[in-house]
Amino acid sequence: MKRRGPDRTTLFLIAVVITLAGLAWLRDGFPLVVDGLSGGASELLQVTPLLLAAFLIAGLTQVLISRDVIERWLGSQSGWRGILLACLGGALIPGGPYVYYPIAGSLLHSGAGLGVLVAFVSAKNLWSVTRLPYEFALLGPRLTLIRYAATFLLPPIFGVAAEALFGSRIESIREALQ
Amino acid sequence: MIQSTLIMLGIALAMWIYARRRGDDSARRGVNVGWQTLKRTLLLLLIAFAIVGYVEVLAPQDLVRSWIGPDSGLRGVLIGTVAGMLLPGGPYVVFPLIAALYQNGAGLGPTLAMITSWAALALLTVSFELPFLGWRFSLLRLSLGLFAPILVGLLGWLAFTG
């Protein structure tokens with residue numbers, strides 16, 4: 001989710017469109033420039049009903065799942081239970097990186113372990129429930145299913161591995177931020 | 001396609017009915033949040049689909065196939081991983097692009113690697129992580145996370161030979 005106004009990402013993507021349009025023009029002149037745009041438009045129209053449903057689901061999820069509850073739920077959790085709860089919290093938490101990183105930061109300050117934090121961020125990345133509708137709408141059920149199945153075990157594994165291998169470094173991570 | 005649309009609309013409707021029954025205005029707020037997100041991302045969506053359109057008319061199938069095609073093996077998975085890290089923007093920008101590459105000859109392994117790598121390792125996202133969790137945490141998480149796209153990519157390549 002991006003902020004309003006043409007940020008750097010938007011400008012970069014516009015530059016990509018212009019470059020591609022230039023390539024099309026060089027290859028086959030103006031008709032191909034138009035073909036590209038109309039092809040894109042018809043693709044977009046095809047997925048429009050799916051996209052509308054996806055935005056609706058994402059919006060309702062954001063309202064139905066409260067951030068405060070997840071934050072309170074995960075505060076100063078540790079061990080196996082904490083890691084599994086963090087996975088669940090990460091999967092459910094709505095919003096983009098500017099929403100869940102501040103929450104992860106406050107978890108760090110309230111004493112969460114390294115495994116909990118890694119599990120939380122990894123689950124947000126790999127299991128995100130709010131991203132699922134977009135993935136389903138735009139990439140199709142097959143890719144989405146295989147992708148979620150293939151990464152299903154990773155967030156808890158990453159959490160446990162981080163705790164086991166580097167768990168003792170959490171204090172230095174906490175101190176460095178103060 | 002029609003089936004997917006019906007499933008998604010069904011889920012949306014079920015969630016909306018549930019939200020309504022809570023009687024706390026969450027149905028209206030949820031629809032509103034979705035609408036605001038759509039308005040905010042409309043420009044990006046249009047741009048993303050313009051790119052998709054050009055990828056299709058320029059049909060770089062030979063190029064795509066030789067870099068990240070079904071036979072590109074570990075090399076394709078690694079290229080997919082790096083590409084995923086560099087992809088900018090939210091899901092509504094990235095997913096149409098990856099879908100277009102997949103339809104133009106990218107293999108399943110590299111495609112899965114790209115999706116996973118964008119999800120777990122996107123450099124633009126790391127720039128949000130740094131101020132809140134610090135570079136030590138980011139380094140640690142990224143070094144673990146690097147396994148994800150490579151593992152998933154190789155799995156996709158081996159299990160589905162492509």
# chains A, B, ... in the order shown; residues from 1 in each chain; ligands from 1
call {"tool": "closest_atom_pairs", "arguments": {"of": "chain A", "to": "chain B", "cutoff": "6 Å", "atoms": "only C-alpha atoms", "output": "CSV"}}
result
residue,atom,partner,partner_atom,distance
A:Met1,CA,B:Gly90,CA,5.7
A:Val17,CA,B:Ile51,CA,5.6
A:Gly36,CA,B:Tyr54,CA,4.4
A:Leu37,CA,B:Ala50,CA,5.4
A:Gly39,CA,B:Gly53,CA,4.8
A:Gly40,CA,B:Gly53,CA,3.7
A:Leu50,CA,B:Thr5,CA,5.1
A:Ala53,CA,B:Leu9,CA,5.4
A:Phe55,CA,B:Gly34,CA,4.8
A:Leu56,CA,B:Gly34,CA,4.9
A:Ile57,CA,B:Ala12,CA,5.1
A:Gly59,CA,B:Gly34,CA,3.9
A:Leu60,CA,B:Gly30,CA,4.0
A:Val63,CA,B:Gly30,CA,5.3
A:Tyr101,CA,B:Glu129,CA,5.9
A:Gly105,CA,B:Phe132,CA,4.9
A:Asn125,CA,B:Ala120,CA,5.1
A:Leu138,CA,B:Pro96,CA,5.7
A:Leu139,CA,B:Ala99,CA,5.5
A:Ala150,CA,B:Val152,CA,5.9
call {"tool": "closest_residue", "arguments": {"among": "A:Gly82, A:Pro141, A:Gly90, A:Pro155", "to": "Ile103 of chain A", "atoms": "only C-alpha atoms"}}
result
A:Gly90
call {"tool": "residues_around", "arguments": {"residues": "segment 61-70 of chain B", "least_positions_apart": "5", "cutoff": "9 Å", "atoms": "only C-alpha atoms", "output": "tab-separated table (two decimals) with C-alpha atoms, in the first residue's frame"}}
result
chain	number	residue	atom	x	y	z
B	75	ARG	CA	20.41	-20.32	-12.43
B	76	GLY	CA	16.81	-19.36	-13.26
B	77	VAL	CA	15.81	-19.70	-9.61
B	79	ILE	CA	17.82	-14.84	-11.24
B	80	GLY	CA	14.18	-15.00	-10.12
B	101	LEU	CA	6.31	-13.11	-17.28
B	102	TYR	CA	4.84	-16.51	-16.39
B	104	ASN	CA	5.47	-15.40	-21.58
B	105	GLY	CA	7.62	-18.39	-20.87
B	106	ALA	CA	8.96	-18.15	-17.31
B	107	GLY	CA	9.22	-21.53	-15.57
B	108	LEU	CA	7.29	-22.43	-12.44
B	109	GLY	CA	10.43	-22.61	-10.28
B	110	PRO	CA	11.78	-19.15	-11.15
B	111	THR	CA	8.25	-17.70	-10.95
B	157	TRP	CA	11.42	-26.76	-10.54
B	161	THR	CA	9.72	-29.89	-13.88
B	162	GLY	CA	9.34	-26.29	-14.85
call {"tool": "closest_residue", "arguments": {"among": "A:Leu52, A:Leu32, A:Val118, A:Leu45", "to": "Pro156 of chain A", "atoms": "only C-alpha atoms"}}
result
A:Val118
call {"tool": "residues_around", "arguments": {"residues": "Ala112 of chain A", "least_positions_apart": "5", "cutoff": "12 Å", "atoms": "only C-alpha atoms", "output": "ChimeraX atom specification"}}
result
/A:71-79,82-83,85-86,103-107,117-120,163,167,170-171,173-174 /B:133
call {"tool": "atom_distance", "arguments": {"atom1": "atom CA of Phe152 of chain A", "atom2": "atom CA of Val99 of chain A"}}
result
23.1 Å
call {"tool": "select_by_dssp", "arguments": {"residues": "segment 7-163 of chain A", "states": "alpha helix (DSSP H)", "output": "ChimeraX atom specification"}}
result
/A:8-28,30-64,67-74,79-92,97-109,114-127,132-139,141-150,154-163
call {"tool": "atom_distance", "arguments": {"atom1": "atom CA of Phe30 of chain A", "atom2": "atom CA of Thr48 of chain A"}}
result
27.2 Å
call {"tool": "closest_residue", "arguments": {"among": "B:Thr81, B:Gln103, B:Gln3, B:Ser143", "to": "Phe166 of chain A", "atoms": "only C-alpha atoms"}}
result
B:Ser143
call {"tool": "decode", "arguments": {"residues": "segment 61-80 of chain A", "atoms": "C-alpha atoms", "output": "PDB file, in the first residue's frame"}}
result
ATOM      1  CA  THR A  61     -10.101  -7.790   6.910  1.00  0.00           C
ATOM      2  CA  GLN A  62      -8.413  -4.582   7.999  1.00  0.00           C
ATOM      3  CA  VAL A  63     -11.488  -3.473   9.877  1.00  0.00           C
ATOM      4  CA  LEU A  64     -12.350  -6.857  11.380  1.00  0.00           C
ATOM      5  CA  ILE A  65      -8.873  -7.572  12.769  1.00  0.00           C
ATOM      6  CA  SER A  66      -7.732  -5.077  15.329  1.00  0.00           C
ATOM      7  CA  ARG A  67      -4.056  -4.180  15.522  1.00  0.00           C
ATOM      8  CA  ASP A  68      -4.224  -3.472  19.236  1.00  0.00           C
ATOM      9  CA  VAL A  69      -5.416  -6.981  19.984  1.00  0.00           C
ATOM     10  CA  ILE A  70      -2.533  -8.533  18.042  1.00  0.00           C
ATOM     11  CA  GLU A  71      -0.028  -6.219  19.667  1.00  0.00           C
ATOM     12  CA  ARG A  72      -1.298  -6.968  23.183  1.00  0.00           C
ATOM     13  CA  TRP A  73      -1.445 -10.646  22.351  1.00  0.00           C
ATOM     14  CA  LEU A  74       2.207 -10.835  21.355  1.00  0.00           C
ATOM     15  CA  GLY A  75       3.795  -8.518  23.900  1.00  0.00           C
ATOM     16  CA  SER A  76       6.723 -10.223  25.666  1.00  0.00           C
ATOM     17  CA  GLN A  77       5.913 -13.672  24.332  1.00  0.00           C
ATOM     18  CA  SER A  78       8.759 -16.121  23.973  1.00  0.00           C
ATOM     19  CA  GLY A  79       9.538 -19.774  23.367  1.00  0.00           C
ATOM     20  CA  TRP A  80       7.618 -22.147  21.132  1.00  0.00           C
TER      21      TRP A  80
END
